[in-house]
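Printed here is model-v5.cif (mmCIF, C-alpha atoms):
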```
data_upload
#
loop_
_atom_site.label_atom_id
_atom_site.label_comp_id
_atom_site.auth_asym_id
_atom_site.auth_seq_id
_atom_site.Cartn_x
_atom_site.Cartn_y
_atom_site.Cartn_z
CA MET F 1 -14.34 -34.83 5.67
CA LEU F 2 -14.88 -32.94 8.89
CA VAL F 3 -14.30 -29.34 7.90
CA ALA F 4 -15.20 -27.00 5.11
CA VAL F 5 -14.57 -23.28 5.39
CA ALA F 6 -16.56 -21.53 2.71
CA ALA F 7 -17.89 -18.19 1.58
CA ALA F 8 -21.63 -17.82 1.19
CA VAL F 9 -22.40 -15.29 -1.55
CA LEU F 10 -25.13 -12.73 -1.10
CA TYR F 11 -26.40 -10.61 -3.99
CA LEU F 12 -27.29 -7.10 -2.86
CA SER F 13 -30.12 -5.23 -4.56
CA GLY F 14 -29.95 -1.60 -5.53
CA PRO F 15 -29.31 0.69 -8.48
CA GLY F 16 -26.54 -0.11 -10.90
CA PRO F 17 -24.92 -3.49 -11.55
CA PRO F 18 -25.38 -6.30 -8.99
CA ARG F 19 -23.00 -6.16 -6.09
CA VAL F 20 -21.66 -9.21 -4.31
CA ALA F 21 -20.66 -9.61 -0.69
CA ALA F 22 -19.07 -12.67 0.90
CA THR F 23 -19.73 -13.96 4.38
CA GLU F 24 -17.61 -16.65 5.97
CA GLN F 25 -19.12 -19.88 7.22
CA CYS F 26 -17.84 -23.21 8.48
CA GLY F 27 -19.33 -26.68 8.40
CA SER F 28 -18.91 -30.24 7.24
CA THR F 29 -20.76 -33.16 5.73
CA GLU F 30 -21.21 -34.62 9.22
CA THR F 31 -22.60 -31.45 10.82
CA GLY F 32 -23.90 -29.19 8.07
CA PRO F 33 -23.03 -25.47 8.54
CA TYR F 34 -22.33 -24.83 12.21
CA ALA F 35 -21.13 -21.20 12.21
CA MET F 36 -21.63 -18.23 9.89
CA ASN F 37 -21.08 -14.50 9.84
CA PRO F 38 -24.60 -13.01 9.71
CA PRO F 39 -25.58 -12.04 6.13
CA PHE F 40 -27.62 -9.11 7.47
CA GLY F 41 -25.90 -8.50 10.79
CA ARG F 42 -22.54 -7.66 12.28
CA LYS F 43 -19.67 -9.39 10.53
CA LYS F 44 -16.19 -9.89 11.92
CA ALA F 45 -13.75 -10.31 9.07
CA GLY F 46 -11.55 -13.35 9.60
CA SER F 47 -13.98 -15.07 11.96
CA ILE F 48 -16.44 -17.78 10.95
CA GLY F 49 -19.21 -16.02 12.88
CA PRO F 50 -21.47 -17.14 15.72
CA PRO F 51 -23.09 -20.59 15.79
CA VAL F 52 -25.89 -21.10 13.28
CA HIS F 53 -29.41 -20.84 14.73
CA GLY F 54 -30.45 -24.12 16.32
CA VAL F 55 -26.92 -25.54 16.36
CA HIS F 56 -24.91 -25.98 19.56
CA VAL F 57 -21.16 -25.45 19.34
CA ALA F 58 -18.78 -26.18 22.21
CA VAL F 59 -15.06 -25.40 22.38
CA VAL F 60 -13.58 -27.87 24.83
CA ASP F 61 -10.32 -29.26 26.18
CA GLU F 62 -9.09 -32.84 25.93
CA GLN F 63 -11.42 -33.90 28.77
CA GLY F 64 -14.49 -32.35 27.15
CA ALA F 65 -14.71 -29.37 29.52
CA ASP F 66 -15.47 -25.90 28.11
CA VAL F 67 -12.36 -23.75 27.73
CA PRO F 68 -12.37 -20.06 28.76
CA THR F 69 -13.36 -17.36 26.28
CA GLY F 70 -10.41 -16.62 24.02
CA ALA F 71 -8.75 -19.99 24.57
CA VAL F 72 -8.27 -22.43 21.70
CA GLY F 73 -9.99 -25.78 22.01
CA ASN F 74 -11.58 -28.67 20.14
CA VAL F 75 -14.86 -27.92 18.33
CA TRP F 76 -17.81 -30.18 19.15
CA VAL F 77 -21.13 -29.71 17.35
CA SER F 78 -24.65 -30.87 18.20
CA GLY F 79 -27.95 -30.10 16.50
CA PRO F 80 -30.68 -31.34 14.18
CA GLY F 81 -28.35 -31.49 11.18
CA VAL F 82 -25.67 -33.80 12.59
CA MET F 83 -25.31 -37.24 11.06
CA ASP F 84 -26.66 -40.45 12.55
CA GLY F 85 -23.44 -42.24 11.64
CA TYR F 86 -21.19 -43.46 8.85
CA TRP F 87 -22.59 -46.15 6.57
CA ASN F 88 -21.15 -49.53 7.62
CA GLU F 89 -18.42 -47.78 9.66
CA THR F 90 -19.31 -48.48 13.29
CA ALA F 91 -15.83 -47.87 14.68
CA MET F 92 -15.47 -44.53 12.90
CA THR F 93 -18.96 -43.51 14.06
CA ARG F 94 -18.10 -44.25 17.69
CA LYS F 95 -14.89 -42.26 17.38
CA THR F 96 -16.57 -39.22 15.82
CA LEU F 97 -20.07 -39.17 17.34
CA ARG F 98 -20.48 -39.19 21.14
CA LYS F 99 -23.86 -38.71 22.82
CA GLY F 100 -25.14 -36.56 19.97
CA TRP F 101 -21.96 -34.48 19.65
CA ILE F 102 -19.75 -34.54 16.57
CA ARG F 103 -16.06 -34.24 17.38
CA THR F 104 -15.12 -32.27 14.29
CA GLY F 105 -11.34 -32.28 14.62
CA ASP F 106 -11.42 -28.49 14.17
CA LEU F 107 -9.68 -26.07 16.51
CA ALA F 108 -11.24 -22.69 17.26
CA ARG F 109 -11.83 -20.09 19.95
CA PHE F 110 -14.84 -18.03 21.03
CA ASP F 111 -14.39 -14.28 21.46
CA GLU F 112 -16.24 -12.12 23.97
CA ASP F 113 -19.10 -11.59 21.52
CA GLY F 114 -19.69 -15.28 20.87
CA TYR F 115 -18.04 -15.30 17.44
CA LEU F 116 -15.91 -18.30 16.49
CA TRP F 117 -12.39 -17.96 15.12
CA PHE F 118 -11.16 -20.99 13.19
CA VAL F 119 -7.57 -21.88 14.09
CA GLY F 120 -6.98 -25.06 12.11
CA ARG F 121 -7.28 -28.81 12.06
CA ARG F 122 -6.15 -30.70 15.13
CA LYS F 123 -4.19 -33.21 13.04
CA ASP F 124 -2.20 -30.36 11.42
CA VAL F 125 -1.04 -28.77 14.71
CA ILE F 126 2.75 -28.74 15.04
CA VAL F 127 4.23 -29.49 18.48
CA ARG F 128 7.68 -27.93 18.83
CA MET F 129 9.67 -28.62 21.98
CA LYS F 130 11.72 -25.72 23.32
CA ASP F 131 13.27 -25.38 26.78
CA GLY F 132 11.29 -28.39 27.97
CA LEU F 133 7.95 -26.93 26.86
CA ALA F 134 5.65 -28.36 24.20
CA ASN F 135 4.70 -25.35 22.08
CA LYS F 136 1.69 -25.88 19.82
CA ILE F 137 1.74 -24.14 16.45
CA ALA F 138 -1.37 -23.71 14.30
CA PRO F 139 -0.20 -23.62 10.65
CA LEU F 140 -2.91 -21.10 9.71
CA GLU F 141 -1.42 -18.51 12.07
CA VAL F 142 2.00 -18.78 10.44
CA GLU F 143 0.44 -18.78 6.97
CA ALA F 144 -1.50 -15.62 7.86
CA ALA F 145 1.71 -13.89 8.91
CA LEU F 146 3.46 -14.94 5.70
CA SER F 147 0.53 -13.67 3.61
CA GLU F 148 1.17 -10.14 4.90
CA HIS F 149 4.50 -10.05 3.05
CA PRO F 150 3.98 -8.27 -0.29
CA ALA F 151 6.03 -10.86 -2.20
CA VAL F 152 3.99 -13.86 -0.98
CA ARG F 153 1.05 -15.08 -3.06
CA GLU F 154 0.32 -18.34 -1.23
CA SER F 155 1.86 -20.41 1.54
CA CYS F 156 1.42 -23.68 3.38
CA VAL F 157 3.08 -24.58 6.68
CA ILE F 158 3.60 -28.18 7.79
CA GLY F 159 5.32 -29.99 10.64
CA VAL F 160 8.49 -31.95 9.91
CA PRO F 161 10.10 -34.40 12.38
CA ASP F 162 13.19 -33.03 14.13
CA PRO F 163 15.58 -34.98 16.40
CA VAL F 164 15.86 -32.12 18.91
CA CYS F 165 12.50 -30.34 18.81
CA GLY F 166 10.22 -33.25 17.93
CA GLU F 167 8.66 -31.23 15.12
CA VAL F 168 9.56 -27.96 13.42
CA PRO F 169 7.50 -25.88 10.97
CA HIS F 170 8.51 -25.74 7.32
CA ALA F 171 6.90 -23.23 4.98
CA TYR F 172 6.19 -23.79 1.29
CA VAL F 173 5.74 -20.47 -0.50
CA ILE F 174 4.61 -19.30 -3.94
CA LEU F 175 5.81 -15.79 -4.71
CA GLN F 176 3.87 -13.10 -6.52
CA LEU F 177 4.67 -12.84 -10.23
CA GLY F 178 7.79 -10.72 -10.67
CA GLU F 179 8.58 -10.59 -6.95
CA GLU F 180 11.68 -11.92 -5.24
CA ALA F 181 12.39 -12.90 -1.64
CA ARG F 182 14.92 -14.98 0.23
CA SER F 183 14.22 -17.54 2.92
CA GLU F 184 15.95 -15.30 5.46
CA ASP F 185 13.72 -12.37 4.47
CA LEU F 186 10.51 -14.29 5.13
CA ARG F 187 11.77 -15.84 8.36
CA SER F 188 12.71 -12.39 9.69
CA PHE F 189 9.35 -11.02 8.56
CA VAL F 190 7.47 -13.74 10.50
CA ALA F 191 9.74 -13.30 13.53
CA GLY F 192 8.57 -9.71 13.78
CA ARG F 193 4.93 -10.84 14.05
CA LEU F 194 4.88 -14.17 15.88
CA ALA F 195 6.58 -15.93 18.77
CA GLU F 196 10.08 -17.25 18.12
CA PHE F 197 9.02 -20.90 18.24
CA MET F 198 6.52 -20.29 15.41
CA VAL F 199 9.13 -19.09 12.90
CA PRO F 200 9.62 -21.68 10.13
CA ALA F 201 12.89 -23.59 10.37
CA GLU F 202 13.03 -23.64 6.57
CA VAL F 203 11.25 -21.88 3.72
CA HIS F 204 10.86 -23.69 0.39
CA PHE F 205 9.91 -21.81 -2.77
CA ILE F 206 7.66 -23.67 -5.22
CA SER F 207 5.71 -22.74 -8.33
CA GLU F 208 2.50 -24.66 -7.57
CA MET F 209 0.78 -26.10 -4.50
CA PRO F 210 -0.09 -29.80 -4.69
CA SER F 211 -3.86 -30.30 -4.47
CA LYS F 212 -6.10 -33.14 -3.38
CA GLY F 213 -9.33 -31.41 -4.38
CA PRO F 214 -10.82 -27.95 -4.98
CA GLY F 215 -9.20 -25.57 -2.51
CA LYS F 216 -7.48 -28.37 -0.58
CA ILE F 217 -3.70 -28.33 -0.35
CA ASP F 218 -2.13 -31.77 -0.07
CA ARG F 219 -0.18 -31.21 3.15
CA GLU F 220 0.86 -34.86 3.35
CA LEU F 221 2.58 -34.65 -0.01
CA LEU F 222 4.47 -31.53 1.08
CA ARG F 223 5.49 -33.33 4.27
CA MET F 224 6.78 -36.25 2.21
CA ARG F 225 8.77 -33.83 0.04
CA ALA F 226 10.34 -32.28 3.12
CA LEU F 227 11.29 -35.69 4.50
CA ALA F 228 12.78 -36.69 1.16
#
```
Spell out the structure here as structure tokens.
Amino acid sequence: MLVAVAAAVLYLSGPGPPRVAATEQCGSTETGPYAMNPPFGRKKAGSIGPPVHGVHVAVVDEQGADVPTGAVGNVWVSGPGVMDGYWNETAMTRKTLRKGWIRTGDLARFDEDGYLWFVGRRKDVIVRMKDGLANKIAPLEVEAALSEHPAVRESCVIGVPDPVCGEVPHAYVILQLGEEARSEDLRSFVAGRLAEFMVPAEVHFISEMPSKGPGKIDRELLRMRALA
């Protein structure tokens, strides 16, 4: 698995009961932690922090060239903690590891202070054609907009094949206990926060998210449900 966004817990000393603060970090089995909000420094809520000391992180385009600050690109990681390769998986090693750099499959951007902002997984990006343009949609951005609605407890956005647009976003939503909302309500809510092409074509209400492990939503299963 090439990505794990986690919260490192720090216990703060002082009078009274122990206090707990969380600091975001990002890493994987192949790279180890590669970015983290400083436990004792400036944190930027929502970011995954600057690169970890001793680790090199590049945000690049499809040709491997650095993208400008603020632009979204592919995350490559190099450093002493990266793997030597997959056991008995030469082809997968060659695909993932190039000249000491791990191609994580993550998408992120650097801000002006050198902090990384995780955007999503490359394989989950939805490409929606509109007016001859290929518009790329990061599911996490749409999910973040949905989470601002007071009736939404959890959401997951996936791409579903469409004969006109190539792919369109569908949202699966769990509502807060006792709350009600219609599909049109949530679509209008997102439309007021994101570009038109990012608004889900459909909103499905479910009671439980399918899981393929702790904290991992089974997006493929949701996609299969939508196709069915």
Q: Run through the PyMOL selection byres ((chain F and resi 51-60) around 7) on the given coordinates and return the selected residues as a PyMOL selection string.
A: chain F and resi 34-36+49-50+61-62+64-67+73-79+108-109
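This file, queried with the PyMOL selection byres ((chain F and resi 178) around 12), gives the residues F:Pro150, F:Ala151, F:Val152, F:Arg153, F:Ile174, F:Leu175, F:Gln176, F:Leu177, F:Glu179, F:Glu180, F:Ala181.
In this structure, atom CA of Val142 of chain F sits 27.7 Å away from atom CA of Thr31 of chain F.
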Write out as a tab-separated table (two decimals) with C-alpha atoms, in the coordinates of the input which residues come within 8 Å of segment 133-137 of chain F when counting all atoms listed in the file, dropping same-chain ones fewer than 5 positions away.
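Okay, result_16.tsv is ready:
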```tsv
chain	number	residue	atom	x	y	z
F	125	VAL	CA	-1.04	-28.77	14.71
F	126	ILE	CA	2.75	-28.74	15.04
F	127	VAL	CA	4.23	-29.49	18.48
F	128	ARG	CA	7.68	-27.93	18.83
F	197	PHE	CA	9.02	-20.90	18.24
F	198	MET	CA	6.52	-20.29	15.41
```
(Q) For a quick check of understanding, using only C-alpha atoms, which of F:Gly215, F:Gly27, F:Gly192, F:Pro39 has the smallest distance to Gly105 of chain F? (A) F:Gly27
Q: Decode the PyMOL selection byres ((chain F and resi 119) around 6) for the given file into explicit residues and return them as a ChimeraX atom specification.
A: /F:107-108,118,120
Output the selection as a PDB file, in the frame of the given file - C-alpha atoms for each residue.
```pdb
ATOM      1  CA  LEU F 107      -9.680 -26.070  16.510  1.00  0.00           C
ATOM      2  CA  ALA F 108     -11.240 -22.690  17.260  1.00  0.00           C
ATOM      3  CA  PHE F 118     -11.160 -20.990  13.190  1.00  0.00           C
ATOM      4  CA  GLY F 120      -6.980 -25.060  12.110  1.00  0.00           C
TER       5      GLY F 120
END
```
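In terms of minimum interatomic distance to Ser211 of chain F, F:Cys156 ranks closest within F:Cys156, F:Pro161, F:Ala228, F:Gly166, counting only C-alpha atoms.
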